[in-house]
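Quick look at structure-v5.cif (mmCIF, C-alpha atoms and all ligand atoms):
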```cif
data_work
loop_
_atom_site.label_atom_id
_atom_site.label_comp_id
_atom_site.auth_asym_id
_atom_site.auth_seq_id
_atom_site.Cartn_x
_atom_site.Cartn_y
_atom_site.Cartn_z
CA MET P 550 8.18 245.82 8.90
CA GLN P 551 5.07 243.89 9.62
CA MET P 552 2.18 242.40 7.65
CA THR P 553 -0.89 240.28 8.29
CA VAL P 554 -1.64 237.18 6.25
CA SER P 555 -5.41 236.84 5.86
CA THR P 556 -5.78 233.08 5.50
CA SER P 557 -8.29 230.79 7.28
CA HIS P 558 -6.22 231.45 10.44
CA PRO P 559 -4.80 234.98 10.02
CA TYR P 560 -1.30 235.63 11.37
CA GLN P 561 1.36 238.26 11.47
CA ILE P 562 4.78 238.29 9.85
CA LEU P 563 7.44 240.47 11.44
CA ILE P 564 10.61 241.24 9.46
CA GLU P 565 13.14 243.12 11.55
CA ARG P 566 16.85 242.91 12.20
CA GLY P 567 17.44 241.51 15.69
CA CYS P 568 13.80 240.51 16.24
CA LEU P 569 14.72 237.02 17.42
CA ALA P 570 15.40 238.64 20.80
CA SER P 571 11.71 239.57 20.99
CA LEU P 572 10.52 235.96 20.46
CA GLY P 573 9.32 235.65 24.07
CA ALA P 574 7.56 239.03 24.05
CA ARG P 575 5.82 238.20 20.76
CA ALA P 576 4.84 234.74 21.97
CA ALA P 577 3.38 236.32 25.12
CA GLU P 578 0.88 238.17 22.89
CA LEU P 579 -0.39 234.80 21.65
CA PHE P 580 0.05 232.24 24.44
CA ARG P 581 -0.67 232.21 28.17
CA PRO P 582 2.30 232.62 30.53
CA GLY P 583 3.37 229.22 31.84
CA SER P 584 2.56 227.48 28.53
CA ARG P 585 5.10 224.99 27.27
CA ALA P 586 7.23 225.88 24.26
CA MET P 587 9.13 223.22 22.27
CA LEU P 588 12.02 224.82 20.43
CA VAL P 589 12.83 222.67 17.37
CA SER P 590 16.13 223.30 15.65
CA ASP P 591 18.91 221.48 13.81
CA SER P 592 22.45 220.77 14.93
CA ASN P 593 23.87 223.78 13.02
CA VAL P 594 21.34 226.39 14.01
CA PHE P 595 20.70 225.48 17.65
CA PRO P 596 24.27 226.24 18.85
CA LEU P 597 24.08 229.64 17.12
CA TYR P 598 20.64 230.90 18.09
CA GLY P 599 19.02 228.30 20.38
CA GLY P 600 20.31 229.83 23.62
CA ALA P 601 19.02 233.32 22.85
CA ALA P 602 15.64 231.95 21.74
CA GLU P 603 15.30 229.83 24.90
CA GLN P 604 16.29 232.76 27.09
CA SER P 605 13.78 235.05 25.43
CA LEU P 606 10.96 232.51 25.95
CA SER P 607 11.96 231.76 29.57
CA ASN P 608 12.12 235.47 30.39
CA ARG P 609 8.43 235.70 29.54
CA GLY P 610 7.49 232.80 31.81
CA PHE P 611 7.24 230.00 29.22
CA SER P 612 8.46 226.50 30.16
CA CYS P 613 10.98 225.93 27.41
CA PHE P 614 12.03 222.53 26.03
CA SER P 615 14.24 221.84 23.05
CA PHE P 616 14.41 219.19 20.35
CA VAL P 617 17.60 219.26 18.27
CA PHE P 618 18.07 216.95 15.27
CA PRO P 619 21.04 216.42 12.91
CA ALA P 620 21.02 219.06 10.13
CA GLY P 621 20.07 217.97 6.62
CA GLU P 622 17.21 217.10 4.29
CA SER P 623 17.59 213.40 5.16
CA GLU P 624 16.17 214.15 8.63
CA LYS P 625 12.94 215.54 7.17
CA ARG P 626 11.24 212.21 7.61
CA LEU P 627 8.59 210.48 9.68
CA SER P 628 11.06 208.86 12.08
CA THR P 629 12.31 212.32 13.17
CA VAL P 630 8.72 213.49 13.58
CA GLU P 631 8.03 210.43 15.72
CA LYS P 632 10.91 211.36 18.04
CA LEU P 633 9.52 214.88 18.25
CA TYR P 634 6.02 213.53 19.07
CA ALA P 635 7.62 211.49 21.88
CA ALA P 636 9.38 214.57 23.28
CA LEU P 637 6.09 216.51 23.20
CA ALA P 638 4.13 213.71 24.86
CA GLU P 639 6.77 212.95 27.51
CA ASN P 640 6.88 216.61 28.48
CA GLY P 641 3.10 216.87 28.81
CA PHE P 642 2.35 219.16 25.85
CA THR P 643 -1.34 220.02 25.45
CA ARG P 644 -3.23 221.98 22.82
CA SER P 645 -2.57 225.24 24.69
CA ASP P 646 1.21 224.73 24.26
CA PHE P 647 3.23 225.47 21.14
CA ILE P 648 6.20 224.67 18.93
CA VAL P 649 8.83 227.13 17.70
CA ALA P 650 10.59 226.13 14.47
CA LEU P 651 14.01 227.81 14.56
CA GLY P 652 15.98 227.04 11.40
CA GLY P 653 15.80 226.52 7.67
CA GLY P 654 13.08 224.99 5.55
CA VAL P 655 13.83 221.47 6.75
CA THR P 656 13.23 222.45 10.38
CA GLY P 657 10.13 224.46 9.46
CA ASP P 658 8.51 221.79 7.30
CA MET P 659 9.21 218.96 9.73
CA ALA P 660 8.46 220.75 13.04
CA CYS P 661 5.31 222.33 11.68
CA PHE P 662 4.09 219.01 10.30
CA ALA P 663 4.44 217.69 13.85
CA ALA P 664 2.47 220.74 15.04
CA ALA P 665 -0.22 220.06 12.43
CA THR P 666 -0.70 216.50 13.60
CA PHE P 667 0.21 216.22 17.31
CA LEU P 668 -3.09 216.15 19.27
CA ARG P 669 -4.74 216.84 15.88
CA GLY P 670 -3.03 220.20 15.71
CA ILE P 671 -1.23 222.54 18.09
CA ARG P 672 -0.06 226.06 17.27
CA PHE P 673 3.43 227.00 16.18
CA ILE P 674 5.74 229.92 15.50
CA GLN P 675 8.06 230.02 12.51
CA ALA P 676 11.46 231.63 13.22
CA PRO P 677 13.21 231.01 9.87
CA THR P 678 16.99 231.42 9.68
CA SER P 679 17.87 230.50 6.05
CA LEU P 680 17.11 232.87 3.18
CA LEU P 681 14.92 230.23 1.53
CA ALA P 682 12.89 229.79 4.71
CA GLN P 683 12.63 233.56 5.28
CA ILE P 684 11.28 234.35 1.82
CA ASP P 685 9.39 231.19 1.07
CA SER P 686 8.85 228.12 3.22
CA SER P 687 7.93 229.82 6.52
CA VAL P 688 4.94 231.57 4.93
CA GLY P 689 1.86 229.84 3.60
CA GLY P 690 1.30 226.89 5.92
CA LYS P 691 2.65 224.05 3.79
CA THR P 692 4.19 221.52 6.18
CA GLY P 693 5.49 218.05 5.48
CA VAL P 694 8.15 215.40 5.31
CA ASP P 695 9.82 213.26 2.64
CA LEU P 696 9.31 209.56 1.98
CA PRO P 697 11.96 207.27 0.47
CA GLN P 698 9.76 207.42 -2.67
CA GLY P 699 9.94 211.21 -3.02
CA LYS P 700 10.16 214.66 -1.45
CA ASN P 701 7.27 216.25 0.45
CA LEU P 702 4.93 213.33 -0.20
CA VAL P 703 3.33 213.51 3.28
CA GLY P 704 2.09 216.78 4.67
CA ALA P 705 -0.67 219.09 5.78
CA PHE P 706 -1.74 222.69 5.40
CA HIS P 707 -1.37 224.31 8.84
CA GLN P 708 -0.89 228.06 9.15
CA PRO P 709 1.56 229.40 11.77
CA ALA P 710 0.48 231.61 14.68
CA LEU P 711 3.35 233.99 13.89
CA VAL P 712 6.36 234.28 11.57
CA LEU P 713 9.36 236.07 13.06
CA ILE P 714 11.99 236.86 10.43
CA ASP P 715 15.33 238.11 11.72
CA PRO P 716 17.58 238.94 8.71
CA ASP P 717 20.60 239.21 11.06
CA THR P 718 20.65 235.41 11.26
CA LEU P 719 21.70 235.33 7.60
CA ALA P 720 25.16 236.53 8.68
CA THR P 721 26.05 232.94 9.60
CA LEU P 722 24.32 231.23 6.65
CA PRO P 723 26.89 229.49 4.40
CA PRO P 724 27.20 231.38 1.05
CA ARG P 725 25.91 228.47 -1.02
CA TYR P 726 22.64 228.52 0.91
CA PHE P 727 22.37 232.27 0.46
CA SER P 728 22.71 231.79 -3.31
CA ASP P 729 20.20 228.97 -3.10
CA GLY P 730 17.62 231.32 -1.56
CA MET P 731 18.42 233.93 -4.21
CA GLY P 732 17.17 231.46 -6.85
CA GLU P 733 13.70 231.71 -5.26
CA ALA P 734 14.01 235.50 -4.82
CA ILE P 735 14.74 235.90 -8.54
CA LYS P 736 11.69 233.73 -9.20
CA TYR P 737 9.40 236.11 -7.25
CA GLY P 738 10.65 239.00 -9.38
CA CYS P 739 10.11 237.00 -12.56
CA ILE P 740 6.53 235.99 -11.80
CA LYS P 741 5.17 239.12 -10.13
CA SER P 742 7.42 242.15 -9.84
CA ARG P 743 9.68 243.91 -12.30
CA PRO P 744 10.83 246.37 -9.56
CA LEU P 745 11.88 243.47 -7.30
CA PHE P 746 13.73 241.81 -10.17
CA ASP P 747 15.52 245.08 -10.96
CA ARG P 748 16.51 245.54 -7.30
CA ILE P 749 17.98 242.03 -7.23
CA ALA P 750 19.71 242.36 -10.60
CA GLY P 751 20.85 245.95 -10.15
CA THR P 752 22.08 246.06 -6.55
CA ASP P 753 23.84 243.66 -4.22
CA VAL P 754 21.13 242.63 -1.79
CA ARG P 755 23.54 240.74 0.47
CA GLU P 756 24.36 243.77 2.61
CA HIS P 757 20.75 244.77 3.37
CA PRO P 758 18.48 241.89 2.47
CA GLU P 759 15.51 243.03 4.58
CA GLU P 760 13.73 245.11 1.91
CA MET P 761 14.06 242.26 -0.60
CA ILE P 762 12.79 239.77 2.00
CA PHE P 763 9.79 242.03 2.63
CA GLN P 764 8.98 242.26 -1.08
CA CYS P 765 9.28 238.49 -1.60
CA VAL P 766 7.16 237.69 1.46
CA ASP P 767 4.57 240.25 0.40
CA ILE P 768 4.24 238.51 -2.98
CA LYS P 769 3.92 235.12 -1.31
CA ARG P 770 1.36 236.56 1.15
CA LYS P 771 -0.86 237.86 -1.66
CA VAL P 772 -0.64 234.62 -3.61
CA VAL P 773 -1.40 232.49 -0.54
CA GLU P 774 -4.33 234.71 0.45
CA GLN P 775 -5.87 234.17 -2.97
CA ASP P 776 -5.20 230.44 -3.06
CA GLU P 777 -4.46 229.00 0.38
CA PHE P 778 -4.81 225.37 -0.71
CA ASP P 779 -2.77 225.51 -3.92
CA THR P 780 -5.36 224.95 -6.62
CA GLY P 781 -4.80 227.99 -8.84
CA GLU P 782 -2.86 231.24 -8.40
CA ARG P 783 -0.38 229.64 -5.98
CA MET P 784 0.91 227.44 -8.80
CA LEU P 785 2.61 230.53 -10.28
CA LEU P 786 5.16 230.07 -7.49
CA ASN P 787 6.25 226.96 -9.38
CA PHE P 788 7.91 228.93 -12.18
CA GLY P 789 11.14 227.10 -12.99
CA HIS P 790 10.11 224.15 -10.82
CA THR P 791 8.92 221.75 -13.54
CA PHE P 792 12.43 221.42 -14.90
CA GLY P 793 14.01 222.31 -11.55
CA HIS P 794 12.47 219.32 -9.77
CA ALA P 795 13.39 217.06 -12.68
CA LEU P 796 17.00 218.25 -12.52
CA GLU P 797 17.16 217.75 -8.74
CA LYS P 798 15.87 214.21 -9.23
CA LEU P 799 18.32 213.48 -12.06
CA HIS P 800 21.12 214.60 -9.73
CA ASP P 801 19.77 212.36 -6.94
CA PHE P 802 19.06 215.48 -4.86
CA GLN P 803 22.79 215.88 -4.29
CA GLY P 804 24.60 217.56 -7.16
CA LEU P 805 22.32 220.60 -7.49
CA SER P 806 20.57 222.48 -4.69
CA HIS P 807 16.89 223.38 -5.07
CA GLY P 808 17.54 227.06 -5.85
CA GLU P 809 20.27 226.15 -8.34
CA ALA P 810 17.97 223.72 -10.15
CA VAL P 811 15.05 226.18 -10.17
CA GLY P 812 17.34 228.88 -11.60
CA ILE P 813 18.31 226.66 -14.52
CA GLY P 814 14.64 225.68 -14.96
CA MET P 815 13.58 229.35 -15.11
CA ALA P 816 16.19 230.27 -17.71
CA MET P 817 15.26 227.23 -19.84
CA MET P 818 11.53 227.98 -19.76
CA ALA P 819 12.10 231.64 -20.56
CA GLY P 820 14.29 230.62 -23.50
CA PHE P 821 11.69 228.19 -24.88
CA GLY P 822 8.98 230.82 -24.31
CA GLU P 823 10.94 233.33 -26.36
CA LYS P 824 11.36 230.85 -29.22
CA ALA P 825 7.62 230.10 -29.14
CA GLY P 826 6.83 233.84 -29.19
CA VAL P 827 5.00 233.90 -25.83
CA THR P 828 7.84 235.45 -23.79
CA ALA P 829 9.36 238.86 -24.51
CA PRO P 830 12.72 238.67 -26.30
CA GLY P 831 15.71 239.11 -23.97
CA THR P 832 13.94 237.68 -20.89
CA ALA P 833 16.16 234.58 -20.63
CA ALA P 834 19.30 236.71 -20.93
CA GLU P 835 18.13 238.93 -18.06
CA ILE P 836 17.45 235.90 -15.87
CA LEU P 837 20.85 234.39 -16.69
CA LYS P 838 22.56 237.66 -15.72
CA ALA P 839 20.77 237.71 -12.35
CA LEU P 840 21.62 234.04 -11.70
CA LYS P 841 25.28 234.71 -12.48
CA LYS P 842 25.35 237.69 -10.13
CA TYR P 843 24.40 235.44 -7.21
CA ASN P 844 26.75 232.60 -8.18
CA LEU P 845 24.00 230.32 -9.42
CA PRO P 846 24.69 227.91 -12.29
CA LEU P 847 23.33 228.91 -15.70
CA ARG P 848 22.88 225.52 -17.30
CA ASP P 849 23.30 221.81 -16.75
CA LYS P 850 24.96 219.18 -18.87
CA ILE P 851 21.82 217.00 -18.87
CA GLN P 852 19.94 217.27 -22.18
CA THR P 853 16.39 218.64 -22.45
CA GLU P 854 15.07 215.22 -23.64
CA GLU P 855 16.19 213.59 -20.41
CA ILE P 856 14.87 216.45 -18.28
CA LEU P 857 11.50 216.22 -20.03
CA ALA P 858 11.33 212.48 -19.38
CA ALA P 859 12.07 213.08 -15.70
CA THR P 860 9.08 215.44 -15.36
CA ALA P 861 6.74 212.45 -15.67
CA LEU P 862 6.07 212.31 -11.91
CA ASP P 863 5.75 216.06 -11.48
CA LYS P 864 3.26 217.12 -8.79
CA LYS P 865 1.85 219.64 -11.27
CA SER P 866 0.87 216.84 -13.64
CA GLU P 867 -2.75 215.83 -13.87
CA GLY P 868 -3.14 212.67 -15.89
CA SER P 869 -1.54 213.33 -19.24
CA VAL P 870 -1.55 217.11 -18.73
CA ILE P 871 1.36 218.99 -17.17
CA ARG P 872 0.85 222.55 -15.96
CA VAL P 873 3.80 224.78 -16.74
CA ILE P 874 4.37 228.36 -15.62
CA LEU P 875 5.57 230.70 -18.36
CA LEU P 876 6.51 234.37 -18.44
CA LYS P 877 5.01 237.03 -20.68
CA GLU P 878 7.88 239.21 -19.55
CA ILE P 879 9.78 239.79 -16.31
CA GLY P 880 7.10 240.47 -13.66
CA SER P 881 4.22 238.79 -15.50
CA SER P 882 3.52 235.05 -15.49
CA PHE P 883 0.78 232.66 -16.53
CA LEU P 884 -0.05 228.98 -16.34
CA ARG P 885 -0.33 226.90 -19.47
CA PRO P 886 -1.44 223.26 -19.52
CA PHE P 887 0.44 221.06 -21.99
CA THR P 888 0.08 217.46 -23.03
CA ARG P 889 3.46 215.73 -22.99
CA PRO P 890 3.87 215.83 -26.80
CA GLU P 891 2.89 219.53 -26.78
CA LEU P 892 5.49 220.30 -24.11
CA ALA P 893 8.14 218.39 -26.05
CA ALA P 894 7.33 220.39 -29.19
CA PHE P 895 7.36 223.64 -27.16
CA CYS P 896 10.88 222.76 -25.98
CA GLY P 897 12.01 221.88 -29.50
CA VAL P 898 12.30 218.17 -28.74
CA LYS P 899 10.90 215.42 -30.95
CA PRO P 900 8.07 213.71 -28.96
N1 LIG P 1001 6.84 224.60 2.97
C1 LIG P 1001 7.13 225.26 1.87
O1 LIG P 1001 6.31 226.02 1.34
C2 LIG P 1001 8.49 225.09 1.26
C3 LIG P 1001 8.90 225.93 0.20
C4 LIG P 1001 10.19 225.79 -0.30
C5 LIG P 1001 11.05 224.83 0.24
N2 LIG P 1001 10.61 224.03 1.26
C6 LIG P 1001 11.51 223.03 1.86
O2 LIG P 1001 12.59 223.72 2.47
C7 LIG P 1001 13.68 222.82 2.56
C8 LIG P 1001 14.96 223.54 2.19
O3 LIG P 1001 15.14 224.63 3.08
P1 LIG P 1001 16.59 225.17 3.44
O4 LIG P 1001 17.36 225.40 2.20
O5 LIG P 1001 16.42 226.26 4.41
O6 LIG P 1001 17.26 223.87 4.10
P2 LIG P 1001 17.84 223.59 5.56
O7 LIG P 1001 16.79 223.76 6.58
O8 LIG P 1001 18.48 222.25 5.48
O9 LIG P 1001 18.93 224.72 5.74
C9 LIG P 1001 20.05 224.75 4.90
C10 LIG P 1001 21.34 224.62 5.72
O10 LIG P 1001 21.61 225.87 6.32
C11 LIG P 1001 21.80 225.69 7.73
N3 LIG P 1001 21.32 226.95 8.32
C12 LIG P 1001 20.07 227.45 8.30
N4 LIG P 1001 20.06 228.68 8.82
C13 LIG P 1001 21.33 228.96 9.18
C14 LIG P 1001 21.95 230.09 9.76
N5 LIG P 1001 21.29 231.22 10.01
N6 LIG P 1001 23.28 230.03 10.02
C15 LIG P 1001 23.99 228.89 9.71
N7 LIG P 1001 23.46 227.81 9.14
C16 LIG P 1001 22.15 227.85 8.88
C17 LIG P 1001 21.05 224.46 8.08
O11 LIG P 1001 21.54 223.87 9.24
C18 LIG P 1001 21.30 223.60 6.84
O12 LIG P 1001 22.57 223.00 6.95
C19 LIG P 1001 13.38 221.65 1.66
O13 LIG P 1001 13.07 220.53 2.45
C20 LIG P 1001 12.16 222.10 0.87
O14 LIG P 1001 11.32 221.03 0.53
C21 LIG P 1001 9.36 224.16 1.77
#
```

Written as structure tokens, how would this file's structure read?
Ligand SMILES: NC(=O)c1ccc[n+]([C@@H]2O[C@H](COP(=O)([O-])OP(=O)(O)OC[C@H]3O[C@@H](n4cnc5c(N)ncnc54)[C@H](O)[C@@H]3O)[C@@H](O)[C@H]2O)c1
Amino acid sequence: MQMTVSTSHPYQILIERGCLASLGARAAELFRPGSRAMLVSDSNVFPLYGGAAEQSLSNRGFSCFSFVFPAGESEKRLSTVEKLYAALAENGFTRSDFIVALGGGVTGDMACFAAATFLRGIRFIQAPTSLLAQIDSSVGGKTGVDLPQGKNLVGAFHQPALVLIDPDTLATLPPRYFSDGMGEAIKYGCIKSRPLFDRIAGTDVREHPEEMIFQCVDIKRKVVEQDEFDTGERMLLNFGHTFGHALEKLHDFQGLSHGEAVGIGMAMMAGFGEKAGVTAPGTAAEILKALKKYNLPLRDKIQTEEILAATALDKKSEGSVIRVILLKEIGSSFLRPFTRPELAAFCGVKP
């Protein structure tokens, strides 16, 4: 399955079991033989797939280098990027060379931020290996790193030259990370596609995730094409994220994973929407059922008042207004701006 993303720099996304083996052949369609390729991967993923990726690139005449960093969100920071810059510079990378990000969203965000900024921008290939990266972070060109003050505070928009999604790599993904990605998959169904939601809720997508991955990526593609720089339509992707981010923060980014927190955020917003009469009755119950099916938590012990207070630094805030994504029903979403007192009232909390 293949699709083209028509952004300022159009690129192709290939979703195919086993396609990692064709990395070199695909790269040869984009880069001159003899170009340098820097394979960036973390300490979990490189031992599993790094060798095959390097071999595939070398077979097509690329000079292959690798940069492996310790796995984990804490490495998505400027000091890791600086080490990667050094590896690129020491090995003579020029603007005709490229980076391959082989791994989850941490690898993709960090490596592609380096690609966006090294020599004012070199090209890169995304080869995502976690479910979250395959359905979300590898598509759309958002790159970046964390600061001690907050997540994703430094970054750039830089579209990939190619996204190569091999669902076979999910066979080694730890189950908790699979569930984590399912939180985002459920979100795509909620905001844009009743059929996708029904597929996720009604079948077990673990055995054959490729069709679901295709549907999720296709939704993200359309949204990104309409709003590459995240000023309108793309904000719909933040359904569940207002409360999700707040919950992650309240748990010091340790107790709850991103997908788990977003799942709880989606169910809460759907519930408040139902009470306010803007969301179809029964929507929250359907979301909760889907979350349960993929072993995602349904609620958190932290009270709504505290969660609301923690949304104060939300990226979707503009001055005193916070932009929240709500559902009309499963498959149909809209953005509603709230003042803080309005949002508190909407959630049944005294301002
Ligand atoms: N750029 C975007 O648009 C965007 C969107 C959503 C999330 N993100 C970012 O993505 C990051 C989270 O991504 P993630 O959940 O993939 O994190 P991650 O990259 O840390 O991967 C999760 C874990 O799974 C391991 N892993 C990945 N693929 C594997 C495989 N096939 N087999 C075995 N282990 C594997 C990793 O080593 C890691 O331990 C966050 O930093 C978030 O900010 C970015």

Kindly work out which residues sit at most 8 Å from ligand LIG 1001 (chain P), using only C-alpha atoms and all ligand atoms, and give the list as an mmCIF file with C-alpha atoms, keeping the file's coordinate frame.
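Wrote part.cif, looks like this:
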```cif
data_model
loop_
_atom_site.group_PDB
_atom_site.id
_atom_site.type_symbol
_atom_site.label_atom_id
_atom_site.label_comp_id
_atom_site.auth_asym_id
_atom_site.auth_seq_id
_atom_site.Cartn_x
_atom_site.Cartn_y
_atom_site.Cartn_z
ATOM 1 C CA ASP P 591 18.910 221.480 13.810
ATOM 2 C CA SER P 592 22.450 220.770 14.930
ATOM 3 C CA ASN P 593 23.870 223.780 13.020
ATOM 4 C CA VAL P 594 21.340 226.390 14.010
ATOM 5 C CA LEU P 597 24.080 229.640 17.120
ATOM 6 C CA ALA P 620 21.020 219.060 10.130
ATOM 7 C CA GLY P 621 20.070 217.970 6.620
ATOM 8 C CA GLU P 622 17.210 217.100 4.290
ATOM 9 C CA LYS P 625 12.940 215.540 7.170
ATOM 10 C CA GLY P 652 15.980 227.040 11.400
ATOM 11 C CA GLY P 653 15.800 226.520 7.670
ATOM 12 C CA GLY P 654 13.080 224.990 5.550
ATOM 13 C CA VAL P 655 13.830 221.470 6.750
ATOM 14 C CA THR P 656 13.230 222.450 10.380
ATOM 15 C CA GLY P 657 10.130 224.460 9.460
ATOM 16 C CA ASP P 658 8.510 221.790 7.300
ATOM 17 C CA PRO P 677 13.210 231.010 9.870
ATOM 18 C CA THR P 678 16.990 231.420 9.680
ATOM 19 C CA SER P 679 17.870 230.500 6.050
ATOM 20 C CA LEU P 680 17.110 232.870 3.180
ATOM 21 C CA LEU P 681 14.920 230.230 1.530
ATOM 22 C CA ALA P 682 12.890 229.790 4.710
ATOM 23 C CA ASP P 685 9.390 231.190 1.070
ATOM 24 C CA SER P 686 8.850 228.120 3.220
ATOM 25 C CA SER P 687 7.930 229.820 6.520
ATOM 26 C CA VAL P 688 4.940 231.570 4.930
ATOM 27 C CA GLY P 689 1.860 229.840 3.600
ATOM 28 C CA GLY P 690 1.300 226.890 5.920
ATOM 29 C CA LYS P 691 2.650 224.050 3.790
ATOM 30 C CA THR P 692 4.190 221.520 6.180
ATOM 31 C CA GLY P 693 5.490 218.050 5.480
ATOM 32 C CA VAL P 694 8.150 215.400 5.310
ATOM 33 C CA ASP P 695 9.820 213.260 2.640
ATOM 34 C CA LYS P 700 10.160 214.660 -1.450
ATOM 35 C CA ASN P 701 7.270 216.250 0.450
ATOM 36 C CA THR P 718 20.650 235.410 11.260
ATOM 37 C CA LEU P 719 21.700 235.330 7.600
ATOM 38 C CA ALA P 720 25.160 236.530 8.680
ATOM 39 C CA THR P 721 26.050 232.940 9.600
ATOM 40 C CA LEU P 722 24.320 231.230 6.650
ATOM 41 C CA PRO P 723 26.890 229.490 4.400
ATOM 42 C CA TYR P 726 22.640 228.520 0.910
ATOM 43 C CA ASP P 729 20.200 228.970 -3.100
ATOM 44 C CA GLY P 730 17.620 231.320 -1.560
ATOM 45 C CA HIS P 807 16.890 223.380 -5.070
#
```

Closest-contact table, range 747-791 of chain P side, partner range 550-553 of chain P, 10 Å, counting all atoms listed in the file, as a tab-separated table:
```
residue	atom	partner	partner_atom	distance
P:Glu759	CA	P:Met550	CA	9.0
P:Glu760	CA	P:Met550	CA	9.0
P:Phe763	CA	P:Met550	CA	7.5
P:Val766	CA	P:Met552	CA	9.2
P:Asp767	CA	P:Met552	CA	7.9
P:Arg770	CA	P:Thr553	CA	8.4
```

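For Phe614 in chain P, the set of protein, DNA and RNA residues having any atom at most 9 Å away, when counting all atoms listed in the file and skipping those fewer than 2 positions along the same chain, is Arg585, Ala586, Met587, Leu588, Val589, Glu603, Ser612, Phe616, Ala636, Leu637 and Asn640 of chain P.
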
Same residues, C-alpha atoms, output as a PDB file, in the coordinates of the input:
```pdb
ATOM      1  CA  ARG P 585       5.100 224.990  27.270  1.00  0.00           C
ATOM      2  CA  ALA P 586       7.230 225.880  24.260  1.00  0.00           C
ATOM      3  CA  MET P 587       9.130 223.220  22.270  1.00  0.00           C
ATOM      4  CA  LEU P 588      12.020 224.820  20.430  1.00  0.00           C
ATOM      5  CA  VAL P 589      12.830 222.670  17.370  1.00  0.00           C
ATOM      6  CA  GLU P 603      15.300 229.830  24.900  1.00  0.00           C
ATOM      7  CA  SER P 612       8.460 226.500  30.160  1.00  0.00           C
ATOM      8  CA  PHE P 616      14.410 219.190  20.350  1.00  0.00           C
ATOM      9  CA  ALA P 636       9.380 214.570  23.280  1.00  0.00           C
ATOM     10  CA  LEU P 637       6.090 216.510  23.200  1.00  0.00           C
ATOM     11  CA  ASN P 640       6.880 216.610  28.480  1.00  0.00           C
TER      12      ASN P 640
END
```

Which polymer residues, protein or nucleic acid, are no farther than 10 Å from (-3.7, 222.5, -21.9), counting only C-alpha atoms, as number ranges by chain? P: 869-873, 884-889, 891-892

Polymer residues at most 10 Å from Ile749 in chain P, only C-alpha atoms, same-chain spacing of 6 or more positions, as a PyMOL selection string: chain P and resi 731+734-735+738+743+755+758+761+839-840+842-843

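Taking CA of Ser881 in chain P and CA of Ala859 in chain P as the two end points, the separation is 26.9 Å.
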
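Closest approach to His757 in chain P from the set P:Lys798, P:Thr556, P:Val630, P:Asp715 is made by P:Asp715, with distances taken over all atoms listed in the file.
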
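With CA of Lys838 in chain P on one side and CA of Ala750 in chain P on the other, the separation reads 7.5 Å.
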
Could you tell me how far CA of Gly808 in chain P lies from CA of Glu733 in chain P, in Å and to one decimal? 6.1 Å

Residue with the minimum atom-to-atom distance to Ile836 in chain P, picked from P:Cys765, P:Ile740, P:Ala861, P:Leu579 with all atoms listed in the file counted, is P:Ile740

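Shortest atom-to-atom contact with Leu668 in chain P among P:Cys613, P:Thr643, P:Met817, P:Gln683: P:Thr643, counting all atoms listed in the file.
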
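With all atoms listed in the file as the atoms that count, the residue of P:Val554, P:Ala833, P:Leu847, P:Ser623 with the shortest distance to Gln803 in chain P is P:Ser623.
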
As JSON: centre and edge lengths in Å, one decimal, of the axis-aligned box holding range 603-619 of chain P with 4 Å per side:
```
{"center_x": 14.1, "center_y": 226.1, "center_z": 22.4, "size_x": 21.8, "size_y": 27.3, "size_z": 26.9}
```

Skip Arg672 in chain P itself and residues of its chain fewer than 3 positions away, then list as a list in words all residues within 7 Å of it, counting all atoms listed in the file. Phe647, Ile648, Ala664, Pro709 and Ala710 of chain P

Dump range 698-705 of chain P with N, CA and C atoms to a file, as a compact mmCIF listing (two decimals), in the first residue's frame.
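To be explicit, this is the file written out as decode.txt:
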```
# COMPACT_ATOMS: atom_id res chain seq x y z
N GLN P 698 12.38 22.23 30.62
CA GLN P 698 11.16 22.97 30.96
C GLN P 698 9.90 22.34 30.35
N GLY P 699 10.04 21.44 29.40
CA GLY P 699 8.84 20.85 28.81
C GLY P 699 9.13 20.05 27.56
N LYS P 700 8.13 19.24 27.16
CA LYS P 700 8.31 18.35 26.00
C LYS P 700 8.15 19.12 24.69
N ASN P 701 8.94 18.74 23.71
CA ASN P 701 8.80 19.24 22.33
C ASN P 701 8.84 20.77 22.24
N LEU P 702 9.63 21.40 23.09
CA LEU P 702 9.63 22.87 23.09
C LEU P 702 10.54 23.45 21.99
N VAL P 703 11.44 22.62 21.44
CA VAL P 703 12.31 23.09 20.36
C VAL P 703 12.07 22.18 19.16
N GLY P 704 11.84 22.77 18.00
CA GLY P 704 11.60 21.90 16.85
C GLY P 704 11.49 22.65 15.55
N ALA P 705 11.19 21.91 14.50
CA ALA P 705 11.05 22.51 13.18
C ALA P 705 10.11 21.64 12.36
```
